[in-house]
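> What follows is start_21.txt, made up of compact mmCIF, C-alpha atoms and all ligand atoms:
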# COMPACT_ATOMS: atom_id res chain seq x y z
CA ARG Y 1 8.29 57.89 58.93
CA ARG Y 2 8.29 56.96 62.60
CA ARG Y 3 6.34 53.79 61.94
CA CYS Y 4 9.49 51.74 61.42
CA ARG Y 5 10.03 52.03 65.19
CA ARG Y 6 7.11 49.63 65.60
CA TRP Y 7 8.53 46.95 63.30
CA ARG Y 8 9.57 43.65 64.91
CA LEU Y 9 9.69 41.11 62.07
CA TYR Y 10 10.85 42.32 58.65
CA VAL Y 11 10.58 39.66 55.93
CA ILE Y 12 12.52 39.96 52.68
CA VAL Y 13 11.08 38.07 49.71
CA GLY Y 14 12.37 37.53 46.19
CA SER Y 15 11.68 34.84 43.63
CA GLU Y 16 15.18 33.39 44.06
CA HIS Y 17 14.46 32.41 47.67
CA THR Y 18 10.96 30.95 47.70
CA GLY Y 19 11.74 27.38 46.72
CA GLY Y 20 9.82 27.83 43.48
CA ARG Y 21 6.62 29.13 45.08
CA GLU Y 22 4.88 32.28 43.88
CA VAL Y 23 6.07 35.41 45.67
CA PRO Y 24 2.55 36.74 46.46
CA ALA Y 25 1.59 33.47 48.18
CA VAL Y 26 4.79 33.55 50.24
CA VAL Y 27 4.09 37.15 51.24
CA GLN Y 28 0.51 36.27 52.27
CA ALA Y 29 1.85 33.47 54.46
CA ALA Y 30 4.58 35.63 56.01
CA ILE Y 31 1.98 38.25 56.93
CA ALA Y 32 -0.34 35.58 58.34
CA GLY Y 33 2.58 34.47 60.52
CA GLY Y 34 3.14 37.97 61.88
CA ALA Y 35 5.48 39.97 59.60
CA GLU Y 36 4.89 43.72 60.01
CA VAL Y 37 6.93 44.73 56.98
CA ILE Y 38 7.70 43.07 53.66
CA GLN Y 39 10.62 43.93 51.41
CA LEU Y 40 10.55 42.83 47.77
CA ARG Y 41 14.05 42.10 46.53
CA GLU Y 42 14.27 41.09 42.88
CA LYS Y 43 17.39 41.37 40.81
CA SER Y 44 16.58 39.80 37.47
CA LEU Y 45 13.02 40.73 36.47
CA SER Y 46 12.29 43.25 33.74
CA THR Y 47 10.98 46.56 35.04
CA ARG Y 48 7.52 45.68 33.74
CA ALA Y 49 7.46 42.29 35.48
CA LEU Y 50 8.77 43.86 38.70
CA TYR Y 51 6.09 46.53 38.49
CA HIS Y 52 3.30 43.98 38.12
CA LEU Y 53 4.62 41.89 41.01
CA ALA Y 54 5.06 44.96 43.19
CA ARG Y 55 1.49 46.07 42.47
CA GLN Y 56 0.21 42.70 43.67
CA LEU Y 57 2.28 42.93 46.85
CA ARG Y 58 1.17 46.55 47.41
CA GLU Y 59 -2.42 45.32 47.37
CA ILE Y 60 -1.76 42.36 49.69
CA THR Y 61 0.26 44.40 52.20
CA GLY Y 62 -2.15 47.33 52.03
CA GLU Y 63 -5.13 45.14 52.89
CA ALA Y 64 -3.18 43.65 55.77
CA GLY Y 65 -1.96 47.01 57.07
CA VAL Y 66 1.63 45.89 56.63
CA ASP Y 67 4.43 48.17 55.39
CA PHE Y 68 5.82 47.47 51.93
CA ILE Y 69 9.40 48.28 50.98
CA ILE Y 70 11.05 47.76 47.59
CA ASN Y 71 14.73 46.98 47.27
CA ASP Y 72 16.77 49.22 44.97
CA ARG Y 73 14.06 50.52 42.61
CA VAL Y 74 12.93 54.04 43.43
CA ASP Y 75 10.93 54.22 40.19
CA VAL Y 76 8.92 51.09 40.92
CA ALA Y 77 8.32 52.17 44.53
CA LEU Y 78 6.85 55.46 43.30
CA ALA Y 79 4.85 53.72 40.58
CA VAL Y 80 3.09 51.31 42.95
CA GLY Y 81 2.88 53.57 46.00
CA ALA Y 82 5.18 51.52 48.22
CA ASP Y 83 5.92 52.73 51.75
CA GLY Y 84 9.63 52.92 51.12
CA VAL Y 85 12.80 51.87 49.36
CA HIS Y 86 15.79 49.97 50.71
CA LEU Y 87 19.16 50.83 49.21
CA GLY Y 88 22.45 48.94 49.30
CA SER Y 89 25.87 49.91 48.03
CA GLU Y 90 25.02 48.91 44.43
CA ASP Y 91 21.86 51.02 44.30
CA LEU Y 92 21.24 54.75 43.86
CA PRO Y 93 23.12 56.96 46.34
CA LEU Y 94 20.88 57.90 49.26
CA PRO Y 95 20.81 61.67 48.68
CA GLU Y 96 19.70 61.17 45.06
CA ALA Y 97 17.03 58.71 46.13
CA ARG Y 98 15.76 61.11 48.80
CA ARG Y 99 15.57 63.95 46.31
CA ILE Y 100 13.43 61.83 43.97
CA LEU Y 101 11.30 60.19 46.66
CA GLY Y 102 10.54 63.26 48.72
CA ASP Y 103 9.84 63.03 52.41
CA LYS Y 104 6.83 60.74 52.37
CA LEU Y 105 8.55 57.45 51.59
CA LEU Y 106 10.82 55.61 53.99
CA LEU Y 107 14.41 55.23 52.98
CA GLY Y 108 16.33 52.29 54.38
CA ALA Y 109 20.05 51.72 54.01
CA THR Y 110 22.29 48.73 54.55
CA ALA Y 111 25.27 49.15 56.89
CA HIS Y 112 27.95 46.51 57.26
CA SER Y 113 30.02 48.69 59.63
CA LEU Y 114 29.69 51.56 62.07
CA GLU Y 115 31.16 53.90 59.46
CA GLU Y 116 28.50 52.97 56.90
CA ALA Y 117 25.81 53.40 59.56
CA LEU Y 118 26.99 56.89 60.52
CA LYS Y 119 27.24 57.88 56.87
CA ALA Y 120 23.74 56.60 56.05
CA GLN Y 121 22.31 58.51 59.00
CA ALA Y 122 24.12 61.66 57.87
CA VAL Y 123 22.63 61.51 54.39
CA GLY Y 124 19.05 60.99 55.48
CA ALA Y 125 18.23 57.29 55.94
CA ASP Y 126 15.09 56.57 57.99
CA TYR Y 127 16.24 53.18 59.22
CA LEU Y 128 19.26 50.93 58.92
CA GLY Y 129 19.60 47.28 58.03
CA VAL Y 130 22.65 46.25 60.04
CA GLY Y 131 24.56 43.03 59.48
CA PRO Y 132 25.27 40.34 58.71
CA VAL Y 133 24.93 39.57 62.41
CA PHE Y 134 25.61 35.85 61.94
CA PRO Y 135 27.06 33.92 58.98
CA THR Y 136 24.53 33.57 56.19
CA ALA Y 137 24.30 31.80 52.85
CA THR Y 138 22.55 34.85 51.30
CA LYS Y 139 25.66 37.06 51.73
CA PRO Y 140 28.56 34.61 51.95
CA ASP Y 141 31.11 37.25 50.90
CA ILE Y 142 30.57 39.65 53.81
CA PRO Y 143 32.15 38.75 57.18
CA PRO Y 144 29.55 38.81 59.97
CA GLY Y 145 29.81 41.73 62.38
CA GLY Y 146 28.15 39.83 65.18
CA LEU Y 147 26.28 41.28 68.11
CA LYS Y 148 29.23 43.63 68.59
CA LEU Y 149 28.39 45.46 65.35
CA LEU Y 150 24.79 45.87 66.51
CA ARG Y 151 25.91 47.30 69.85
CA GLU Y 152 28.34 49.71 68.21
CA VAL Y 153 25.73 51.00 65.79
CA VAL Y 154 22.96 51.35 68.34
CA SER Y 155 25.24 53.24 70.71
CA ARG Y 156 26.25 55.79 68.08
CA VAL Y 157 23.24 56.07 65.75
CA SER Y 158 19.74 57.26 66.65
CA LEU Y 159 17.94 55.60 63.72
CA PRO Y 160 15.90 52.42 64.16
CA VAL Y 161 18.08 49.38 63.52
CA VAL Y 162 16.91 46.25 61.72
CA ALA Y 163 19.30 43.39 62.52
CA ILE Y 164 19.90 41.08 59.57
CA GLY Y 165 21.94 38.02 58.68
CA GLY Y 166 21.57 34.45 59.89
CA ILE Y 167 18.81 35.25 62.39
CA THR Y 168 16.56 32.32 63.37
CA ALA Y 169 14.01 31.46 66.04
CA GLU Y 170 16.92 29.93 67.96
CA ASN Y 171 19.08 33.05 68.16
CA VAL Y 172 16.55 35.88 67.86
CA ARG Y 173 16.32 36.51 71.61
CA GLU Y 174 20.06 37.00 71.78
CA VAL Y 175 19.77 39.62 69.04
CA LEU Y 176 16.86 41.47 70.61
CA ALA Y 177 18.59 41.38 73.99
CA GLN Y 178 20.94 44.04 72.62
CA PRO Y 179 19.63 47.35 73.97
CA GLY Y 180 17.94 49.36 71.20
CA VAL Y 181 17.54 46.48 68.78
CA LYS Y 182 13.83 45.94 68.23
CA CYS Y 183 13.48 44.46 64.78
CA VAL Y 184 15.01 41.54 62.91
CA ALA Y 185 15.00 40.87 59.18
CA VAL Y 186 15.04 37.44 57.62
CA VAL Y 187 15.30 36.21 54.05
CA SER Y 188 15.42 32.45 53.62
CA ALA Y 189 14.55 31.66 57.27
CA VAL Y 190 10.97 32.60 56.38
CA ALA Y 191 10.60 32.83 52.59
CA ALA Y 192 12.37 29.52 51.90
CA ALA Y 193 10.86 27.61 54.84
CA PRO Y 194 8.63 24.63 54.04
CA ASP Y 195 5.84 26.29 56.06
CA VAL Y 196 6.28 30.05 55.63
CA LYS Y 197 3.49 31.08 57.99
CA GLU Y 198 4.72 28.79 60.72
CA ALA Y 199 8.33 29.95 60.24
CA ALA Y 200 7.25 33.57 60.74
CA ALA Y 201 5.00 32.68 63.66
CA ARG Y 202 7.80 30.73 65.32
CA LEU Y 203 10.05 33.79 65.13
CA LYS Y 204 7.30 35.98 66.58
CA ARG Y 205 6.69 33.50 69.43
CA ALA Y 206 10.41 33.45 70.18
CA MET Y 207 10.28 37.25 70.51
CA GLU Y 208 7.39 37.18 72.98
CA GLY Y 209 8.03 38.83 76.31
CA MET Y 210 11.08 40.73 75.08
CA ASP Y 211 11.06 44.21 76.58
CA PHE Y 212 11.05 46.41 73.49
CA ASP Y 213 10.96 49.53 75.63
CA ALA Y 214 14.03 48.55 77.66
CA ALA Y 215 16.61 51.18 78.61
CA GLY Y 216 19.09 51.83 75.85
CA SER Y 217 16.40 51.60 73.21
CA SER Y 218 16.16 54.42 70.75
CA PRO Y 219 13.22 56.64 71.65
CA ARG S 1 9.03 68.97 24.81
CA ARG S 2 8.86 70.23 21.23
CA ARG S 3 12.61 69.96 20.80
CA CYS S 4 12.40 66.37 19.57
CA ARG S 5 10.95 67.81 16.35
CA ARG S 6 14.43 69.13 15.60
CA TRP S 7 16.17 65.77 16.02
CA ARG S 8 17.65 64.21 12.87
CA LEU S 9 20.19 61.64 14.13
CA TYR S 10 19.40 59.73 17.33
CA VAL S 11 22.23 57.49 18.50
CA ILE S 12 21.62 54.66 20.97
CA VAL S 13 24.63 53.52 22.98
CA GLY S 14 25.12 50.69 25.44
CA SER S 15 28.21 48.81 26.56
CA GLU S 16 27.09 45.68 24.69
CA HIS S 17 27.42 47.43 21.32
CA THR S 18 30.62 49.45 21.47
CA GLY S 19 33.11 46.77 20.48
CA GLY S 20 34.69 46.94 23.90
CA ARG S 21 35.26 50.72 23.90
CA GLU S 22 34.19 52.92 26.79
CA VAL S 23 30.65 54.28 26.42
CA PRO S 24 31.58 57.93 27.17
CA ALA S 25 34.24 57.94 24.43
CA VAL S 26 31.74 56.48 21.96
CA VAL S 27 29.18 59.12 22.91
CA GLN S 28 31.76 61.92 22.48
CA ALA S 29 32.56 60.62 19.00
CA ALA S 30 28.89 60.24 18.01
CA ILE S 31 28.25 63.85 19.03
CA ALA S 32 31.34 65.03 17.14
CA GLY S 33 29.91 63.28 14.09
CA GLY S 34 26.58 65.11 14.39
CA ALA S 35 24.20 63.19 16.70
CA GLU S 36 21.60 65.55 18.23
CA VAL S 37 20.32 63.06 20.79
CA ILE S 38 21.92 60.21 22.69
CA GLN S 39 20.06 57.34 24.32
CA LEU S 40 21.80 55.24 26.96
CA ARG S 41 20.54 51.67 26.85
CA GLU S 42 22.05 49.37 29.47
CA LYS S 43 20.46 46.16 30.62
CA SER S 44 22.93 44.53 32.97
CA LEU S 45 24.61 47.20 35.09
CA SER S 46 23.79 47.66 38.75
CA THR S 47 21.77 50.79 39.47
CA ARG S 48 24.84 52.41 41.02
CA ALA S 49 27.03 51.71 37.97
CA LEU S 50 24.28 52.90 35.63
CA TYR S 51 23.90 56.06 37.69
CA HIS S 52 27.62 56.85 37.47
CA LEU S 53 27.73 56.20 33.73
CA ALA S 54 24.59 58.28 33.17
CA ARG S 55 26.09 61.17 35.13
CA GLN S 56 29.12 61.16 32.86
CA LEU S 57 26.94 61.16 29.77
CA ARG S 58 24.73 63.91 31.20
CA GLU S 59 27.84 66.06 31.52
CA ILE S 60 29.12 65.26 28.02
CA THR S 61 25.75 65.81 26.33
CA GLY S 62 25.02 68.91 28.39
CA GLU S 63 28.26 70.56 27.37
CA ALA S 64 27.54 69.72 23.73
CA GLY S 65 23.94 70.94 23.89
CA VAL S 66 22.72 67.47 22.89
CA ASP S 67 19.60 65.83 24.34
CA PHE S 68 20.13 62.86 26.65
CA ILE S 69 17.58 60.07 26.98
CA ILE S 70 17.80 57.04 29.27
CA ASN S 71 16.26 53.73 28.30
CA ASP S 72 13.86 52.15 30.81
CA ARG S 73 15.08 53.74 34.06
CA VAL S 74 12.89 56.58 35.26
CA ASP S 75 14.73 56.70 38.58
CA VAL S 76 18.17 57.13 37.01
CA ALA S 77 16.83 59.73 34.55
CA LEU S 78 15.51 61.79 37.46
CA ALA S 79 18.69 61.27 39.48
CA VAL S 80 21.02 62.59 36.76
CA GLY S 81 18.70 65.18 35.23
CA ALA S 82 18.33 63.51 31.84
CA ASP S 83 16.12 65.12 29.21
CA GLY S 84 13.89 62.09 28.93
CA VAL S 85 13.19 58.39 29.21
CA HIS S 86 12.51 55.88 26.48
CA LEU S 87 10.17 53.01 27.35
CA GLY S 88 9.61 49.69 25.64
CA SER S 89 7.12 46.95 26.35
CA GLU S 90 9.26 45.49 29.17
CA ASP S 91 9.58 48.81 31.01
CA LEU S 92 7.22 50.79 33.24
CA PRO S 93 3.81 51.50 31.68
CA LEU S 94 3.75 54.98 30.14
CA PRO S 95 1.07 56.50 32.38
CA GLU S 96 2.98 55.47 35.51
CA ALA S 97 6.20 56.87 34.11
CA ARG S 98 4.51 60.14 33.21
CA ARG S 99 3.06 60.45 36.69
CA ILE S 100 6.53 60.04 38.25
CA LEU S 101 8.42 62.15 35.71
CA GLY S 102 6.05 65.08 35.53
CA ASP S 103 5.76 67.18 32.41
CA LYS S 104 9.33 68.40 32.12
CA LEU S 105 10.97 65.21 30.88
CA LEU S 106 10.44 63.75 27.43
CA LEU S 107 8.79 60.37 27.27
CA GLY S 108 9.53 58.20 24.26
CA ALA S 109 7.80 54.94 23.43
CA THR S 110 8.59 52.11 21.06
CA ALA S 111 5.92 51.12 18.55
CA HIS S 112 6.19 48.03 16.36
CA SER S 113 2.73 48.55 14.87
CA LEU S 114 0.15 51.24 14.18
CA GLU S 115 -1.88 49.99 17.13
CA GLU S 116 1.03 50.42 19.52
CA ALA S 117 1.71 53.87 18.09
CA LEU S 118 -1.89 55.02 18.59
CA LYS S 119 -1.90 53.63 22.12
CA ALA S 120 1.37 55.33 23.05
CA GLN S 121 0.07 58.64 21.75
CA ALA S 122 -3.15 58.21 23.74
CA VAL S 123 -1.28 57.66 27.02
CA GLY S 124 1.01 60.64 26.67
CA ALA S 125 4.20 59.78 24.78
CA ASP S 126 6.16 62.78 23.44
CA TYR S 127 7.74 60.91 20.54
CA LEU S 128 7.68 57.43 19.03
CA GLY S 129 10.47 55.07 18.06
CA VAL S 130 8.93 53.19 15.14
CA GLY S 131 10.38 50.03 13.68
CA PRO S 132 12.18 47.91 12.94
CA VAL S 133 12.09 49.49 9.51
CA PHE S 134 14.61 47.05 8.02
CA PRO S 135 15.91 43.69 9.31
CA THR S 136 18.40 44.20 12.14
CA ALA S 137 20.70 42.05 14.22
CA THR S 138 19.80 44.06 17.37
CA LYS S 139 16.14 42.91 17.26
CA PRO S 140 16.20 39.67 15.27
CA ASP S 141 12.90 38.46 16.80
CA ILE S 142 10.69 41.31 15.55
CA PRO S 143 9.60 41.22 11.88
CA PRO S 144 10.45 44.52 10.15
CA GLY S 145 7.49 46.75 9.36
CA GLY S 146 9.28 48.41 6.48
CA LEU S 147 8.58 51.84 5.09
CA LYS S 148 4.90 50.89 5.06
CA LEU S 149 4.79 50.90 8.87
CA LEU S 150 6.37 54.36 8.92
CA ARG S 151 3.81 55.69 6.43
CA GLU S 152 0.90 54.19 8.38
CA VAL S 153 2.09 55.67 11.67
CA VAL S 154 2.88 59.13 10.30
CA SER S 155 -0.50 59.33 8.60
CA ARG S 156 -2.42 58.53 11.80
CA VAL S 157 -0.27 59.88 14.63
CA SER S 158 0.74 63.50 15.23
CA LEU S 159 3.80 62.78 17.41
CA PRO S 160 7.35 63.06 16.05
CA VAL S 161 8.48 59.71 14.69
CA VAL S 162 12.00 58.34 15.06
CA ALA S 163 12.55 55.59 12.50
CA ILE S 164 14.65 52.71 13.82
CA GLY S 165 15.97 49.35 12.67
CA GLY S 166 18.63 48.56 10.10
CA ILE S 167 19.07 52.17 8.98
CA THR S 168 22.42 52.99 7.32
CA ALA S 169 23.97 55.75 5.25
CA GLU S 170 22.92 53.70 2.20
CA ASN S 171 19.18 53.58 2.96
CA VAL S 172 18.62 56.67 5.13
CA ARG S 173 17.37 58.86 2.26
CA GLU S 174 14.72 56.30 1.44
CA VAL S 175 13.54 56.46 5.07
CA LEU S 176 13.50 60.25 5.26
CA ALA S 177 11.72 60.44 1.90
CA GLN S 178 8.63 59.23 3.75
CA PRO S 179 6.58 62.38 4.43
CA GLY S 180 6.73 63.33 8.10
CA VAL S 181 9.74 61.19 8.97
CA LYS S 182 12.53 63.53 10.07
CA CYS S 183 14.70 61.53 12.42
CA VAL S 184 16.45 58.18 12.34
CA ALA S 185 17.86 56.17 15.23
CA VAL S 186 20.82 53.85 14.98
CA VAL S 187 22.47 51.45 17.41
CA SER S 188 25.36 49.44 16.02
CA ALA S 189 25.61 51.42 12.73
CA VAL S 190 27.27 54.16 14.78
CA ALA S 191 28.24 52.81 18.22
CA ALA S 192 29.82 49.61 16.86
CA ALA S 193 31.49 51.24 13.83
CA PRO S 194 35.30 51.20 13.67
CA ASP S 195 35.23 55.01 13.37
CA VAL S 196 32.21 56.21 15.37
CA LYS S 197 32.54 59.90 14.48
CA GLU S 198 32.89 59.14 10.78
CA ALA S 199 29.92 56.73 10.87
CA ALA S 200 27.71 59.43 12.38
CA ALA S 201 29.04 62.07 10.01
CA ARG S 202 28.43 59.80 7.03
CA LEU S 203 24.80 59.41 8.05
CA LYS S 204 24.46 63.16 8.47
CA ARG S 205 26.01 63.79 5.05
CA ALA S 206 23.62 61.28 3.50
CA MET S 207 20.73 63.28 4.98
CA GLU S 208 21.93 66.57 3.50
CA GLY S 209 19.49 68.36 1.25
CA MET S 210 16.48 66.32 2.46
CA ASP S 211 13.51 68.64 2.78
CA PHE S 212 12.59 68.22 6.45
CA ASP S 213 9.76 70.71 6.06
CA ALA S 214 8.19 68.88 3.14
CA ALA S 215 4.42 68.57 2.89
CA GLY S 216 3.06 65.77 4.98
CA SER S 217 5.50 66.45 7.78
CA SER S 218 4.10 66.86 11.24
CA PRO S 219 4.18 70.55 12.16
NI NI N 1 24.95 44.29 51.44
What is this structure when it is put down as structure tokens?

Amino acid sequence: RRRCRRWRLYVIVGSEHTGGREVPAVVQAAIAGGAEVIQLREKSLSTRALYHLARQLREITGEAGVDFIINDRVDVALAVGADGVHLGSEDLPLPEARRILGDKLLLGATAHSLEEALKAQAVGADYLGVGPVFPTATKPDIPPGGLKLLREVVSRVSLPVVAIGGITAENVREVLAQPGVKCVAVVSAVAAAPDVKEAAARLKRAMEGMDFDAAGSSP
Amino acid sequence: RRRCRRWRLYVIVGSEHTGGREVPAVVQAAIAGGAEVIQLREKSLSTRALYHLARQLREITGEAGVDFIINDRVDVALAVGADGVHLGSEDLPLPEARRILGDKLLLGATAHSLEEALKAQAVGADYLGVGPVFPTATKPDIPPGGLKLLREVVSRVSLPVVAIGGITAENVREVLAQPGVKCVAVVSAVAAAPDVKEAAARLKRAMEGMDFDAAGSSP
């Protein structure tokens, strides 16, 4: 469960945000561009269809040595042997999910505020998705917390933080300049890009030379 | 897992088929009318909303000593401590579900044909929902297999069979007259009835005096 401390680029993929391309092909390209972790986020597939898609992604990520997280669905994560589950406020409560998953799978939680971050840590999350950092079309209803939210969370919470929301190759250095922030998550910036591999690679190049072991980082 | 052999009236409830009434109130009434097992079938709630509803129903059914089955969602069934999960062709494959659920929870499967029934038995189902027996508005796309399908399945499969599809107080005796058929499932005939308790009780009265231990029954 400590492996999420090594994540730098976390790519979220779902069929609504691939511009009509097949999800497995988009995931292949994101990995080729440097993603270290893939989250599958699907909201409208049947359980059977989600299971088959997740199995394909488990195989692709497994061969690449990349972590594979499933949004919301604890059952599908267990069925395909995913590395973890990411839960938001509309998903199973964290303690229930932990009880079902056991200690082997990673449990990620979304936090839109310091309070949510502290609560998620208290109930056993392994990492936090914190945001939106910047305005984003994917979550237009949630006001961005900015870099200030990241700083607040990192200063009070010991879990690894994945910054999310409106992050691009242009602003990623600003995000990672916050002490303790070592990983960024993107949805459409990679999965909906005309060239997915290049979009991921551009983000990774923009991160080059950042000091991920800088003071203030979580150990 | 042998307790499904004692089921006679299996009531399926979901918010789409309650005529706008609250699901817990409908479930209370169905139990008061004589249902021995309740299945929650929801297709459009968030996982969190489904979890909260399922917890309520777990409490209601538990207090009444009635079995509680959840359609499709293995994760929610585990989270609320349901008695089992019912799986159709769009849900997790049975062997995967069994692996996650372990041996304590009941696993039901839908069979529209003898082939599906034999397959479900081979991969570890505890009981079979077999139908549609008669034409039904709930599944207008599937041609009814009639009493013939029930007879075929019961003669070749040793699992308890729950007959489903278009069953009413008027035709229930015809269904239960098939050797080995001891339980009927209803959706709108109870949950959408103006008086839910009376609709369930009417079905139970219509079943009175049927010889559930007749020759040909599964042991
Ligand atoms: Ni959110």
> Quick one: residues within 9 Å of Leu176 (chain Y), all atoms listed in the file, excluding same-chain residues fewer than 5 positions away - as an mmCIF file with C-alpha atoms, in the frame of the given file?

data_model
loop_
_atom_site.group_PDB
_atom_site.id
_atom_site.type_symbol
_atom_site.label_atom_id
_atom_site.label_comp_id
_atom_site.auth_asym_id
_atom_site.auth_seq_id
_atom_site.Cartn_x
_atom_site.Cartn_y
_atom_site.Cartn_z
ATOM 1 C CA ALA Y 163 19.300 43.390 62.520
ATOM 2 C CA VAL Y 181 17.540 46.480 68.780
ATOM 3 C CA LYS Y 182 13.830 45.940 68.230
ATOM 4 C CA CYS Y 183 13.480 44.460 64.780
ATOM 5 C CA VAL Y 184 15.010 41.540 62.910
ATOM 6 C CA MET Y 207 10.280 37.250 70.510
ATOM 7 C CA MET Y 210 11.080 40.730 75.080
ATOM 8 C CA ASP Y 211 11.060 44.210 76.580
ATOM 9 C CA PHE Y 212 11.050 46.410 73.490
#
> Find the residue from S:Lys43, S:Arg173, S:His112, S:Lys119 that sits nearest to chain Y; use all atoms listed in the file when measuring.
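The answer is S:Lys43, which sits nearest to chain Y.
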> Which polymer residues have any atom within 6 Å of an atom of Leu40 (chain S), counting all atoms listed in the file, with same-chain residues fewer than 4 positions away left out, as a list in words?
Val13, Gly14, Ile70 and Asn71 of chain S
> Counting only C-alpha atoms, collect the residues of chain Y whose closest atom lies at most 9 Å from chain S, and write them out as a PyMOL selection string.
chain Y and resi 46-51+72-76+78-80+89-93+96-97+99-100
> Pick the closest to Arg202 (chain Y) from Y:Val85, Y:Val187, Y:Val154, Y:Val172: which is it, counting only C-alpha atoms?
Y:Val172
> 10 Å from ligand NI 1 (chain N) is the threshold here; counting only C-alpha atoms and all ligand atoms, which polymer residues fall inside it? Answer as a PyMOL selection string.
chain Y and resi 87-90+109-112+129-132+138-139+141-142
> Would you list the contacts of region 33-39 of chain Y as a list of chain:residue names, taking every protein, DNA or RNA residue within 7 Å and counting only C-alpha atoms, but skipping same-chain residues closer than 5 positions in sequence?
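Listing them by chain and then by number gives Y:Trp7, Y:Arg8, Y:Leu9, Y:Tyr10, Y:Val11, Y:Ile12, Y:Val13, Y:Val66, Y:Asp67, Y:Phe68, Y:Ile69, Y:Ile70, Y:Asn71, Y:Lys197, Y:Glu198, Y:Ala200, Y:Ala201, Y:Lys204.
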